[in-house]
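Below is one structure, written out as structure tokens; comments come after it.
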Amino acid sequence: MKSVAWREMLPSDVDSVELIASQVHPGLYEERAVFAERQRLFPKGARLLEIDRQPCGYLISHPWWPEAIPALNSLLVELPRSVIQRTTYYIHDLALLTAAQGIGAARNVVAQMAADAAAWGFDSMSLVAVNGSRSFWEKQGFRRVVLHHLSAKLSAYEASAAFMIKSLRD
């Protein structure tokens, strides 16, 4: 039986994350510095999936402004300072290699991050669905929200990119 476990991502894992990203999101390039900065800014929101101790996926998430998305391949510099400033819990990226798909790993980590985000005081989670993942996110309780001020940033991701929100207070 294979050992499957999510663990906190360490700075030394960023090379593995970059490699996984290049395989899972070849058309959505982000520099190594982007992954490293997000892990450093909010380590509680950075997870690495290992199957038999081999990196097979990652999740990067952090507090962010509601109804906003970071530009693709951009540094954040800093995060919103507190939930008092009306923030959302943003899932920047969830990527799994083929070997990690279909085993419930994505569903499990999203449920864990939603529980953590609610415990930390967030009212919502948000993300940009790409690579045909919108139906997966809908099954996790996210709904598509069309906000015209996000159109330019979304189009930089891909034509079918969708901004999605999940309430944590239902």
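In the structure tokens, each chain is lettered A, B, ... as it comes, each chain's residues begin at 1, and ligands are numbered from 1 in order of appearance.
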TODO: Within chain A, find each residue whose DSSP state, derived from the backbone, is alpha helix (DSSP H), and express the selection as a ChimeraX atom specification.
DONE: /A:14-24,32-41,105-119,134-139,151-157
If we count only C-alpha atoms, what is near A:Glu30 at a cut-off of 8 Å, once residues fewer than 4 positions away on the same chain are taken out, given as a CSV table (one decimal) with N, CA, C and O atoms, in the first residue's frame?
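Generated file (selection_26.csv):
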```
chain,number,residue,atom,x,y,z
A,34,VAL,N,8.2,33.2,-7.2
A,34,VAL,CA,6.8,33.3,-6.9
A,34,VAL,C,6.4,32.2,-5.8
A,34,VAL,O,5.8,32.5,-4.8
A,35,PHE,N,6.8,31.0,-6.1
A,35,PHE,CA,6.5,29.9,-5.1
A,35,PHE,C,7.2,30.1,-3.8
A,35,PHE,O,6.7,29.9,-2.7
A,72,LEU,N,-0.8,36.8,-12.5
A,72,LEU,CA,0.0,35.6,-12.8
A,72,LEU,C,1.5,35.9,-12.8
A,72,LEU,O,1.9,37.0,-13.3
A,73,ASN,N,2.3,35.1,-12.2
A,73,ASN,CA,3.7,35.2,-12.2
A,73,ASN,C,4.2,36.6,-11.6
A,73,ASN,O,5.1,37.2,-12.1
A,74,SER,N,3.5,36.9,-10.5
A,74,SER,CA,3.9,38.2,-9.8
A,74,SER,C,4.2,38.0,-8.4
A,74,SER,O,3.6,37.1,-7.7
```
Give one line per residue of stretch 22-83 of chain A that approaches stretch 142-157 of chain A to at most 9 Å, naming the two atoms of the closest pair and their distance in Å to one decimal, counting only C-alpha atoms; sort by chain then ascending residue number and deliver it as a Markdown table.
```
| residue | atom | partner | partner_atom | distance |
| --- | --- | --- | --- | --- |
| A:Gly27 | CA | A:Tyr157 | CA | 8.4 |
| A:Leu28 | CA | A:Tyr157 | CA | 6.4 |
| A:Glu67 | CA | A:Leu147 | CA | 7.6 |
| A:Ala68 | CA | A:Leu150 | CA | 7.0 |
| A:Ile69 | CA | A:Leu150 | CA | 7.5 |
| A:Pro70 | CA | A:Lys153 | CA | 7.9 |
| A:Ala71 | CA | A:Lys153 | CA | 6.0 |
| A:Leu72 | CA | A:Tyr157 | CA | 6.6 |
```
TODO: State, in Å with one decimal place, the distance from atom CA of A:Met9 to atom CA of A:Pro43.
DONE: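 A separation of 7.1 Å between them.
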Task: Exercise: A:His92 partners within 8 Å, only C-alpha atoms, chain neighbours under 6 positions left out, as number ranges by chain - done: A: 59-62, 127-128
- [ ] Work out how far atom CA of A:Leu75 is from atom CA of A:Ala21, in Å to one decimal.
- [x]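 According to the coordinates, atom CA of A:Ala21 and atom CA of A:Leu75 are separated by 16.5 Å.
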Open item on the list: Could you go through stretch 18-157 of chain A and tell me which residues DSSP, when run on the backbone, assigns to strand (DSSP E or B), listing them as an NGL selection string?
Closed with: :A and (46-51 or 54-64 or 88-96 or 124-129 or 143-144)
TODO: Determine, counting only C-alpha atoms, which protein, DNA and RNA residues have an atom within 9 Å of an atom of stretch 131-136 of chain A; residues of the same chain fewer than 2 positions away are not included. Present the result as a list in words.
DONE: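 Listing them by chain and then by number gives Val24, His25, Arg107, Val128, Ala129, Glu138, Lys139, Gln140, Phe142, Arg143, Arg144, Glu158, Ser160, Ala161, Ala162 and Met164 of chain A.
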Open item on the list: Using only C-alpha atoms for the distances, tell me which of A:Gly45, A:Gly141, A:Gly102, A:Pro80 is nearest to A:Ile165.
Closed with: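 Counting only C-alpha atoms, the residue closest to A:Ile165 is A:Gly141.
With distances taken over only C-alpha atoms, A:Trp6 is the one residue among A:Trp64, A:Tyr89, A:Trp6, A:Tyr29 lying closest to A:Gly104.
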Open item on the list: Can you pull out the residues contacting A:Val4? Cut-off 7 Å, using only C-alpha atoms, and skip same-chain residues under 3 positions away; I want them as a count of residues only.
Closed with: 3
Task: Option closest in space to A:Leu94, from A:Ala5, A:Met113, A:Ala159, A:Leu10 [counting only C-alpha atoms] - done: A:Met113
Task: Of the listed residues A:Arg81, A:Leu96, A:Val130, A:Phe122, that which approaches A:Ser22 most closely, counting only C-alpha atoms - done: A:Leu96
Task: Given only C-alpha atoms as the counted atoms, nearest of A:Arg53, A:Val17, A:Thr87, A:Arg38 to A:Pro66 - done: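 Among the listed residues, the smallest separation from A:Pro66 belongs to A:Thr87.
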10 Å contact set for A:Arg169, only C-alpha atoms, chain neighbours under 4 positions out, as a PDB file with C-alpha atoms, in the first residue's frame:
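Writing done, so here's out_29.pdb:
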```
ATOM      1  CA  ALA A 118     -12.715  29.121   9.006  1.00  0.00           C
ATOM      2  CA  GLY A 121     -11.614  33.734  11.047  1.00  0.00           C
ATOM      3  CA  PHE A 122     -12.016  33.967   7.274  1.00  0.00           C
ATOM      4  CA  ASP A 123     -15.540  34.263   5.883  1.00  0.00           C
ATOM      5  CA  SER A 124     -14.668  33.002   2.411  1.00  0.00           C
TER       6      SER A 124
END
```
